[in-house]
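With PDB, C-alpha atoms inside, this is final_15.pdb:
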ATOM      1  CA  MET A 244      15.720  25.979  -0.605
ATOM      2  CA  ILE A 245      17.818  23.345  -2.302
ATOM      3  CA  SER A 246      20.309  21.185  -0.500
ATOM      4  CA  LEU A 247      21.648  17.697  -0.956
ATOM      5  CA  LYS A 248      20.592  14.534   0.804
ATOM      6  CA  ARG A 249      22.828  12.045  -0.942
ATOM      7  CA  ARG A 250      22.321   8.633   0.661
ATOM      8  CA  ALA A 251      18.890   8.823   2.273
ATOM      9  CA  GLY A 252      16.958   8.159  -0.904
ATOM     10  CA  THR A 253      19.755   9.759  -3.004
ATOM     11  CA  GLU A 254      17.668  12.873  -3.506
ATOM     12  CA  LEU A 255      18.140  16.617  -3.562
ATOM     13  CA  ALA A 256      15.898  17.587  -0.657
ATOM     14  CA  ARG A 257      14.453  21.017   0.135
ATOM     15  CA  LYS A 258      15.185  22.638   3.476
ATOM     16  CA  PRO A 259      16.188  26.150   4.579
ATOM     17  CA  GLU A 260      19.906  26.656   4.987
ATOM     18  CA  LYS A 261      22.450  29.436   4.988
ATOM     19  CA  ARG A 262      22.733  31.587   1.897
ATOM     20  CA  MET A 263      25.913  31.092  -0.101
ATOM     21  CA  ARG A 264      28.023  33.698  -1.906
ATOM     22  CA  SER A 265      30.533  32.991  -4.643
ATOM     23  CA  THR A 266      33.051  35.824  -4.792
ATOM     24  CA  ASP A 267      34.935  34.321  -7.716
ATOM     25  CA  THR A 268      31.992  34.782 -10.067
ATOM     26  CA  MET A 269      30.674  38.032  -8.556
ATOM     27  CA  VAL A 270      27.436  36.087  -8.259
ATOM     28  CA  GLU A 271      25.335  35.532  -5.182
ATOM     29  CA  ALA A 272      22.936  32.975  -6.491
ATOM     30  CA  ASP A 273      19.832  32.283  -4.482
ATOM     31  CA  VAL A 274      21.256  28.829  -3.889
ATOM     32  CA  MET A 275      21.389  27.455  -0.408
ATOM     33  CA  ALA A 276      24.413  25.801   1.192
ATOM     34  CA  CYS A 277      24.875  22.435  -0.441
ATOM     35  CA  GLY A 278      26.025  20.242   2.422
ATOM     36  CA  ASP A 279      29.567  19.223   3.224
ATOM     37  CA  VAL A 280      32.355  19.126   0.673
ATOM     38  CA  ASP A 281      32.713  15.499  -0.372
ATOM     39  CA  GLY A 282      35.975  14.665  -2.124
ATOM     40  CA  ASN A 283      34.780  11.146  -3.019
ATOM     41  CA  VAL A 284      31.931  12.137  -5.322
ATOM     42  CA  LEU A 285      31.859  10.045  -8.503
ATOM     43  CA  LEU A 286      32.010  12.366 -11.517
ATOM     44  CA  VAL A 287      31.058  11.189 -14.983
ATOM     45  CA  ALA A 288      31.702  14.199 -17.247
ATOM     46  CA  ARG A 289      35.137  13.911 -18.819
ATOM     47  CA  SER A 290      35.846  17.650 -18.517
ATOM     48  CA  LEU A 291      35.421  17.383 -14.729
ATOM     49  CA  ARG A 292      37.367  14.171 -14.288
ATOM     50  CA  LEU A 293      40.383  15.801 -15.953
ATOM     51  CA  ASN A 294      40.336  18.587 -13.334
ATOM     52  CA  LEU A 295      39.429  16.831 -10.105
ATOM     53  CA  SER A 296      41.924  18.798  -8.013
ATOM     54  CA  LEU A 297      40.151  22.062  -8.874
ATOM     55  CA  LEU A 298      36.923  20.735  -7.390
ATOM     56  CA  ASN A 299      38.253  19.779  -3.966
ATOM     57  CA  ASN A 300      36.517  22.702  -2.249
ATOM     58  CA  VAL A 301      33.359  22.702  -4.360
ATOM     59  CA  GLN A 302      30.231  21.711  -2.454
ATOM     60  CA  THR A 303      28.568  18.450  -3.267
ATOM     61  CA  LEU A 304      25.383  19.764  -4.864
ATOM     62  CA  ARG A 305      27.343  21.966  -7.233
ATOM     63  CA  LYS A 306      29.468  18.998  -8.306
ATOM     64  CA  HIS A 307      26.435  16.873  -9.131
ATOM     65  CA  VAL A 308      24.635  19.664 -10.989
ATOM     66  CA  VAL A 309      27.616  20.574 -13.149
ATOM     67  CA  ASP A 310      28.354  16.868 -13.747
ATOM     68  CA  TYR A 311      24.822  16.437 -15.091
ATOM     69  CA  CYS A 312      25.172  19.593 -17.169
ATOM     70  CA  PHE A 313      28.412  18.509 -18.887
ATOM     71  CA  LEU A 314      27.489  14.861 -19.461
ATOM     72  CA  ASP A 315      28.950  13.366 -22.624
ATOM     73  CA  ASP A 316      26.645  10.351 -22.547
ATOM     74  CA  TRP A 317      24.940   9.630 -25.853
ATOM     75  CA  ASN A 318      21.629   9.172 -23.996
ATOM     76  CA  TYR A 319      21.562  12.791 -22.807
ATOM     77  CA  ALA A 320      20.626  15.216 -25.573
ATOM     78  CA  HIS A 321      22.679  18.359 -26.173
ATOM     79  CA  ASN A 322      19.482  20.280 -26.884
ATOM     80  CA  GLU A 323      18.054  19.578 -23.416
ATOM     81  CA  GLN A 324      17.085  22.882 -21.810
ATOM     82  CA  LEU A 325      18.711  23.563 -18.446
ATOM     83  CA  VAL A 326      18.044  27.282 -17.944
ATOM     84  CA  TYR A 327      14.994  29.328 -18.894
ATOM     85  CA  TYR A 328      14.680  32.917 -17.669
ATOM     86  CA  ASN A 329      12.524  34.080 -20.583
ATOM     87  CA  ARG A 330      12.239  33.452 -24.313
ATOM     88  CA  HIS A 331      15.371  35.505 -25.018
ATOM     89  CA  ALA A 332      17.463  34.076 -22.171
ATOM     90  CA  ALA A 333      17.630  30.286 -22.099
ATOM     91  CA  LEU A 334      20.422  27.722 -22.141
ATOM     92  CA  THR A 335      20.682  24.146 -23.388
ATOM     93  CA  ARG A 336      23.371  21.597 -22.546
ATOM     94  CA  ALA A 337      25.080  22.534 -25.835
ATOM     95  CA  ASN A 338      25.195  26.193 -24.730
ATOM     96  CA  MET A 339      26.658  25.194 -21.364
ATOM     97  CA  LEU A 340      29.382  23.116 -22.999
ATOM     98  CA  THR A 341      30.735  26.263 -24.667
ATOM     99  CA  MET A 342      31.938  27.390 -21.228
ATOM    100  CA  LEU A 343      34.624  24.707 -21.255
ATOM    101  CA  PRO A 344      38.225  25.771 -22.004
ATOM    102  CA  ASP A 345      39.314  25.993 -25.659
ATOM    103  CA  VAL A 346      35.715  26.461 -26.809
ATOM    104  CA  VAL A 347      34.217  29.730 -28.056
ATOM    105  CA  LEU A 348      31.661  30.914 -25.505
ATOM    106  CA  CYS A 349      28.161  31.403 -26.900
ATOM    107  CA  ASP A 350      26.328  34.719 -26.494
ATOM    108  CA  ALA A 351      23.426  33.065 -24.669
ATOM    109  CA  VAL A 352      25.596  32.412 -21.597
ATOM    110  CA  ILE A 353      26.528  36.108 -21.339
ATOM    111  CA  GLU A 354      22.903  37.129 -21.841
ATOM    112  CA  CYS A 355      21.675  34.918 -18.990
ATOM    113  CA  TRP A 356      24.553  35.893 -16.700
ATOM    114  CA  SER A 357      23.850  39.615 -17.189
ATOM    115  CA  MET A 358      20.152  39.157 -16.515
ATOM    116  CA  LEU A 359      20.891  37.160 -13.373
ATOM    117  CA  MET A 360      23.317  39.810 -12.120
ATOM    118  CA  ASN A 361      20.638  42.508 -12.383
ATOM    119  CA  ARG A 362      18.213  40.357 -10.408
ATOM    120  CA  LEU A 363      20.720  39.522  -7.659
ATOM    121  CA  GLU A 364      21.936  43.111  -7.346
ATOM    122  CA  THR A 365      18.350  44.270  -6.855
ATOM    123  CA  ASP A 366      17.541  41.539  -4.337
ATOM    124  CA  GLU A 367      20.531  42.337  -2.126
ATOM    125  CA  TYR A 368      20.611  46.148  -2.011
ATOM    126  CA  ASP A 369      17.995  48.855  -1.538
ATOM    127  CA  PHE A 370      19.785  50.870  -4.237
ATOM    128  CA  GLN A 371      20.965  49.024  -7.322
ATOM    129  CA  ARG A 372      24.607  50.096  -7.540
ATOM    130  CA  MET A 373      25.360  48.104 -10.693
ATOM    131  CA  SER A 374      23.369  47.512 -13.864
ATOM    132  CA  PHE A 375      24.273  45.008 -16.572
ATOM    133  CA  PHE A 376      23.388  44.978 -20.252
ATOM    134  CA  GLY A 377      23.239  41.710 -22.167
ATOM    135  CA  ILE A 378      25.109  40.819 -25.356
ATOM    136  CA  ARG A 379      22.256  40.708 -27.890
ATOM    137  CA  HIS A 380      23.212  44.212 -29.073
ATOM    138  CA  MET A 381      26.482  43.085 -30.643
ATOM    139  CA  ASP A 382      25.347  43.057 -34.281
ATOM    140  CA  TYR A 383      24.298  46.702 -34.085
ATOM    141  CA  LEU A 384      27.423  47.734 -32.175
ATOM    142  CA  THR A 385      29.505  46.119 -34.921
ATOM    143  CA  LYS A 386      27.660  48.136 -37.575
ATOM    144  CA  LEU A 387      28.197  51.345 -35.585
ATOM    145  CA  LEU A 388      31.885  50.527 -35.228
ATOM    146  CA  GLN A 389      32.155  50.027 -38.985
ATOM    147  CA  SER A 390      30.466  53.383 -39.550
ATOM    148  CA  GLU A 391      32.927  54.982 -37.132
ATOM    149  CA  ASP A 392      35.850  53.541 -39.105
ATOM    150  CA  GLN A 393      34.344  54.888 -42.329
ATOM    151  CA  ALA A 394      33.540  58.282 -40.763
ATOM    152  CA  THR A 395      29.876  57.818 -41.677
ATOM    153  CA  LYS A 396      26.642  57.792 -39.690
ATOM    154  CA  ASN A 397      24.285  54.846 -39.335
ATOM    155  CA  ASP A 398      21.056  56.070 -37.743
ATOM    156  CA  THR A 399      19.272  52.780 -38.492
ATOM    157  CA  ALA A 400      21.800  50.738 -36.530
ATOM    158  CA  LEU A 401      21.616  53.243 -33.676
ATOM    159  CA  ASP A 402      17.812  53.057 -33.561
ATOM    160  CA  ASN A 403      17.987  49.269 -33.649
ATOM    161  CA  LEU A 404      20.498  49.314 -30.798
ATOM    162  CA  TYR A 405      18.166  51.405 -28.631
ATOM    163  CA  GLU A 406      15.249  49.113 -29.449
ATOM    164  CA  MET A 407      17.374  46.113 -28.468
ATOM    165  CA  TRP A 408      18.325  47.733 -25.148
ATOM    166  CA  ASP A 409      14.655  48.522 -24.478
ATOM    167  CA  LEU A 410      13.748  44.883 -25.155
ATOM    168  CA  TYR A 411      16.520  43.634 -22.885
ATOM    169  CA  ILE A 412      15.424  45.888 -20.005
ATOM    170  CA  GLN A 413      11.846  44.752 -20.525
ATOM    171  CA  ASP A 414      13.029  41.127 -20.308
ATOM    172  CA  CYS A 415      14.774  42.027 -17.043
ATOM    173  CA  GLN A 416      11.280  42.895 -15.773
ATOM    174  CA  ASP A 417      12.423  46.509 -15.424
ATOM    175  CA  VAL A 418      15.131  45.455 -12.940
ATOM    176  CA  PHE A 419      17.645  47.918 -14.382
ATOM    177  CA  ASN A 420      18.725  51.140 -12.698
ATOM    178  CA  PHE A 421      19.667  53.919 -15.137
ATOM    179  CA  ASN A 422      21.144  55.846 -12.202
ATOM    180  CA  ALA A 423      23.456  53.027 -11.089
ATOM    181  CA  ASP A 424      27.017  53.951 -10.164
ATOM    182  CA  PHE A 425      28.347  51.294 -12.526
ATOM    183  CA  ILE A 426      26.868  50.206 -15.854
ATOM    184  CA  PHE A 427      28.448  47.148 -17.473
ATOM    185  CA  VAL A 428      28.290  46.534 -21.212
ATOM    186  CA  PRO A 429      29.718  43.204 -22.452
ATOM    187  CA  PHE A 430      30.961  42.802 -26.002
ATOM    188  CA  ASN A 431      32.340  40.183 -28.341
ATOM    189  CA  ILE A 432      35.058  40.985 -30.869
ATOM    190  CA  GLU A 433      36.046  38.111 -33.144
ATOM    191  CA  GLY A 434      35.118  35.518 -30.521
ATOM    192  CA  HIS A 435      36.803  37.346 -27.645
ATOM    193  CA  PHE A 436      34.490  38.411 -24.821
ATOM    194  CA  ALA A 437      35.241  41.342 -22.542
ATOM    195  CA  CYS A 438      33.307  44.107 -20.832
ATOM    196  CA  VAL A 439      33.464  47.863 -20.425
ATOM    197  CA  CYS A 440      32.284  49.409 -17.180
ATOM    198  CA  PHE A 441      30.999  52.963 -17.125
ATOM    199  CA  ASN A 442      32.138  54.044 -13.682
ATOM    200  CA  TYR A 443      30.138  57.138 -12.822
ATOM    201  CA  LYS A 444      31.719  57.435  -9.384
ATOM    202  CA  SER A 445      35.192  58.016 -10.814
ATOM    203  CA  GLY A 446      34.149  59.377 -14.221
ATOM    204  CA  THR A 447      36.051  56.668 -16.057
ATOM    205  CA  VAL A 448      35.382  53.911 -18.547
ATOM    206  CA  ASP A 449      37.099  50.804 -17.203
ATOM    207  CA  LEU A 450      38.023  47.701 -19.164
ATOM    208  CA  LEU A 451      37.353  44.265 -17.706
ATOM    209  CA  ASP A 452      39.393  41.808 -19.733
ATOM    210  CA  HIS A 453      41.589  38.882 -18.745
ATOM    211  CA  GLN A 454      43.864  39.665 -21.697
ATOM    212  CA  LEU A 455      46.421  42.441 -21.460
ATOM    213  CA  HIS A 456      46.304  45.153 -24.148
ATOM    214  CA  PRO A 457      49.430  47.379 -24.380
ATOM    215  CA  ASP A 458      47.397  50.394 -25.488
ATOM    216  CA  PRO A 459      43.672  49.604 -25.491
ATOM    217  CA  ASN A 460      42.760  53.222 -26.308
ATOM    218  CA  LYS A 461      44.198  52.816 -29.814
ATOM    219  CA  SER A 462      42.828  49.315 -30.378
ATOM    220  CA  LYS A 463      39.510  48.161 -31.799
ATOM    221  CA  ILE A 464      38.360  47.704 -28.212
ATOM    222  CA  GLY A 465      39.050  51.378 -27.528
ATOM    223  CA  LYS A 466      37.065  52.438 -30.595
ATOM    224  CA  LEU A 467      34.192  50.172 -29.591
ATOM    225  CA  ALA A 468      34.169  51.596 -26.054
ATOM    226  CA  THR A 469      33.915  55.089 -27.528
ATOM    227  CA  VAL A 470      30.983  54.017 -29.710
ATOM    228  CA  ILE A 471      29.237  52.376 -26.744
ATOM    229  CA  GLY A 472      29.847  55.423 -24.541
ATOM    230  CA  SER A 473      28.342  57.825 -27.050
ATOM    231  CA  ALA A 474      25.324  55.612 -27.675
ATOM    232  CA  LEU A 475      24.794  54.985 -23.956
ATOM    233  CA  ARG A 476      24.972  58.692 -23.104
ATOM    234  CA  ASP A 477      22.283  59.558 -25.663
ATOM    235  CA  TYR A 478      20.174  56.565 -24.606
ATOM    236  CA  LEU A 479      20.249  57.574 -20.954
ATOM    237  CA  GLU A 480      19.411  61.191 -21.813
ATOM    238  CA  ALA A 481      16.372  59.939 -23.726
ATOM    239  CA  LYS A 482      15.357  58.200 -20.494
ATOM    240  CA  GLY A 483      15.685  61.485 -18.629
ATOM    241  CA  VAL A 484      19.028  60.592 -17.015
ATOM    242  CA  CYS A 485      21.945  62.972 -17.546
ATOM    243  CA  ARG A 486      25.227  61.277 -16.665
ATOM    244  CA  GLY A 487      27.696  63.810 -18.070
ATOM    245  CA  SER A 488      29.470  63.801 -21.398
ATOM    246  CA  GLU A 489      33.172  63.491 -20.565
ATOM    247  CA  MET A 490      34.640  60.276 -19.203
ATOM    248  CA  ILE A 491      38.288  59.188 -19.165
ATOM    249  CA  LEU A 492      38.691  56.110 -21.355
ATOM    250  CA  PHE A 493      40.412  53.063 -19.854
ATOM    251  CA  GLU A 494      41.876  54.750 -16.811
ATOM    252  CA  HIS A 495      41.731  51.307 -15.207
ATOM    253  CA  HIS A 496      42.261  47.909 -16.794
ATOM    254  CA  LEU A 497      40.747  45.442 -14.339
ATOM    255  CA  ARG A 498      42.575  42.268 -15.192
ATOM    256  CA  ARG A 499      42.367  39.297 -12.902
ATOM    257  CA  LYS A 500      43.652  35.859 -13.750
ATOM    258  CA  ILE A 501      40.982  33.347 -12.779
ATOM    259  CA  ASN A 502      41.115  29.631 -13.453
ATOM    260  CA  ARG A 503      38.410  29.203 -16.062
ATOM    261  CA  ARG A 504      37.778  25.564 -15.135
ATOM    262  CA  TYR A 505      36.909  26.487 -11.552
ATOM    263  CA  LEU A 506      34.893  29.498 -12.653
ATOM    264  CA  VAL A 507      32.807  27.311 -14.976
ATOM    265  CA  VAL A 508      31.578  25.210 -12.058
ATOM    266  CA  GLN A 509      30.509  28.240 -10.031
ATOM    267  CA  LEU A 510      28.843  30.025 -12.939
ATOM    268  CA  THR A 511      27.053  26.948 -14.264
ATOM    269  CA  THR A 512      25.462  26.102 -10.941
ATOM    270  CA  ALA A 513      24.554  29.741 -10.274
ATOM    271  CA  LEU A 514      22.702  29.967 -13.606
ATOM    272  CA  ILE A 515      20.858  26.683 -13.124
ATOM    273  CA  LEU A 516      19.978  26.916  -9.428
ATOM    274  CA  ALA A 517      18.929  30.568  -9.309
ATOM    275  CA  ASP A 518      15.316  31.319  -8.412
ATOM    276  CA  LYS A 519      15.032  33.112 -11.750
ATOM    277  CA  ASN A 520      15.355  29.790 -13.578
ATOM    278  CA  THR A 521      11.708  28.833 -14.140
ATOM    279  CA  ILE A 522      12.623  25.194 -14.922
ATOM    280  CA  ARG A 523      14.927  24.749 -11.932
ATOM    281  CA  ASP A 524      12.682  22.215 -10.181
ATOM    282  CA  GLU A 525      12.454  20.172 -13.362
ATOM    283  CA  VAL A 526      16.245  20.140 -13.760
ATOM    284  CA  VAL A 527      16.773  19.257 -10.088
ATOM    285  CA  GLY A 528      14.393  16.342 -10.559
ATOM    286  CA  LYS A 529      16.518  15.106 -13.436
ATOM    287  CA  VAL A 530      19.646  15.453 -11.319
ATOM    288  CA  ASN A 531      17.942  13.340  -8.637
ATOM    289  CA  GLN A 532      17.333  10.598 -11.179
ATOM    290  CA  PHE A 533      20.888  11.005 -12.462
ATOM    291  CA  LEU A 534      22.213  10.344  -8.935
ATOM    292  CA  VAL A 535      20.181   7.149  -8.659
ATOM    293  CA  GLU A 536      21.542   5.851 -11.987
ATOM    294  CA  LYS A 537      25.025   7.352 -11.763
ATOM    295  CA  ASP A 538      26.981   4.111 -11.348
ATOM    296  CA  ASP A 539      25.306   2.564 -14.398
ATOM    297  CA  ILE A 540      25.768   5.772 -16.397
ATOM    298  CA  TRP A 541      29.479   5.837 -15.557
ATOM    299  CA  THR A 542      29.872   2.225 -16.745
ATOM    300  CA  ARG A 543      28.086   3.042 -20.011
ATOM    301  CA  VAL A 544      30.011   6.285 -20.619
ATOM    302  CA  HIS A 545      33.334   4.572 -19.904
ATOM    303  CA  ALA A 546      32.472   1.912 -22.509
ATOM    304  CA  GLN A 547      31.447   4.589 -25.007
ATOM    305  CA  ARG A 548      34.818   6.308 -24.626
ATOM    306  CA  LYS A 549      36.652   3.049 -25.274
ATOM    307  CA  ILE A 550      34.638   2.489 -28.440
ATOM    308  CA  LYS A 551      35.332   6.022 -29.576
ATOM    309  CA  LYS A 552      39.082   5.559 -29.111
ATOM    310  CA  ILE A 553      39.019   2.322 -31.096
ATOM    311  CA  VAL A 554      37.113   3.985 -33.955
ATOM    312  CA  GLU A 555      39.500   6.962 -33.987
ATOM    313  CA  LYS A 556      42.540   4.671 -34.324
ATOM    314  CA  ARG A 557      41.157   2.986 -37.445
TER     315      ARG A 557
END

Full structure transcribed into structure tokens:
Amino acid sequence: MISLKRRAGTELARKPEKRMRSTDTMVEADVMACGDVDGNVLLVARSLRLNLSLLNNVQTLRKHVVDYCFLDDWNYAHNEQLVYYNRHAALTRANMLTMLPDVVLCDAVIECWSMLMNRLETDEYDFQRMSFFGIRHMDYLTKLLQSEDQATKNDTALDNLYEMWDLYIQDCQDVFNFNADFIFVPFNIEGHFACVCFNYKSGTVDLLDHQLHPDPNKSKIGKLATVIGSALRDYLEAKGVCRGSEMILFEHHLRRKINRRYLVVQLTTALILADKNTIRDEVVGKVNQFLVEKDDIWTRVHAQRKIKKIVEKR
């Protein structure tokens, strides 16, 4: 659907091309091949210019889209909306900027990513092997974890959690398979994001976390996984799905070191260019205009950075 025609009118033109898969992000966005890899693309965003070598193999369209997304030009508002899946899953430029290294990732990015994964999994396979929850449940999971620590029961938090899961699945337009072989539940503990995977093929609860935990079973993460597992089992039973009661906790710790800077480019463009993004055409139009004005924007941004450095030295 979307490919790049850079010089002939400097526009992003529509034409059918080969589907593209990004294995690094586990995302197959419904984004078409974006033309040849062009190593001479002018990039304006400072975060990209500092990591040019990581973008050598990134296709041209993706470079331009992520460059527009991470612009630090004063004329481009941080509250500009770039992704809109539904009223509970939308991203602004400010949200996107939290994906950069050394910045705490915002929940909205995880919410949109999870929703997109459900859609793509359904589009590709007759049977949805994997289902993904969002992150909006975290407040209620935290309350349940606190109750677990205090050996008390919090039925209100549990009811609220189930209501939140129902709302999330409704927002996914019922694209959520309760009988999936793998159910992923992301979480956020003190600003650290990770994910537990309920692996019903092996009967294990697996931890997906880039950090290494010597004994995750005895950590707060282990306690949280136990809370999630209990709540999920009862939730699925209420839906008429019996998945068994005993699972081995953290039999596998799936830890893969991935360069976050490269991952950001792939994930950002997948979120923006997916068919699920109802404002994709609008954003692509803005990227078209950005390409036309890019040289002037670079001159202005470069001057802004010089002024900022002068002010900071005073």

Convert the output of the PyMOL selection byres ((chain A and resi 444) around 12) on the shown file into explicit residues, formatted as a count of residues only. 20

So the first atom is CA of Gln532 (chain A) and the second is CA of Leu325 (chain A); what is the distance between them in Å, to one decimal place?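 Pair CA of Gln532 (chain A) / CA of Leu325 (chain A) returns 14.9 Å.
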
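CA of Ile471 (chain A) is found 20.0 Å from CA of His453 (chain A).
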
Expressed in Å to a single decimal, how great is the separation between CA of Asn403 (chain A) and CA of Asn361 (chain A)?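 So the answer is 22.5 Å.
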
Within 12 Å of Ala333 (chain A) using only C-alpha atoms, minus same-chain residues under 3 positions, as a PyMOL selection string: chain A and resi 322-330+336-339+349-356+358-359+414+514-515+519-523

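With only C-alpha atoms as the atoms that count, the minimum distance from Leu388 (chain A) to the choices A:Val301, A:Ser473, A:Trp317, A:Val554 is reached by A:Ser473.
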
A:Val418, A:Cys438, A:Leu343, A:Met407: which is nearest Val309 (chain A), counting only C-alpha atoms?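 Checking each of A:Val418, A:Cys438, A:Leu343, A:Met407 against Val309 (chain A), counting only C-alpha atoms, the winner is A:Leu343.
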
Name the residues that the PyMOL selection byres ((chain A and resi 470) around 10) pulls out of this structure, and write them as a list of chain:residue names.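 Listing what the PyMOL selection byres ((chain A and resi 470) around 10) selects in the shown file: A:Leu384, A:Thr385, A:Leu387, A:Leu388, A:Ser390, A:Glu391, A:Ile464, A:Gly465, A:Lys466, A:Leu467, A:Ala468, A:Thr469, A:Ile471, A:Gly472, A:Ser473, A:Ala474, A:Leu475.
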
A:Leu304, A:Leu298, A:Glu406, A:Leu293 ranked by distance to Leu534 (chain A), top pick (using only C-alpha atoms):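 Of A:Leu304, A:Leu298, A:Glu406, A:Leu293, the one nearest Leu534 (chain A) is A:Leu304, counting only C-alpha atoms.
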
For the provided coordinates, the residues matched by the PyMOL selection byres ((chain A and resi 375) around 7) should be stated as an NGL selection string. :A and (357 or 360-361 or 373-374 or 376-377 or 426-428)

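The residue that comes closest to His380 (chain A), out of A:Asn420, A:Val284, A:Gln393, A:Leu404 and on the basis of all atoms listed in the file, is A:Leu404.
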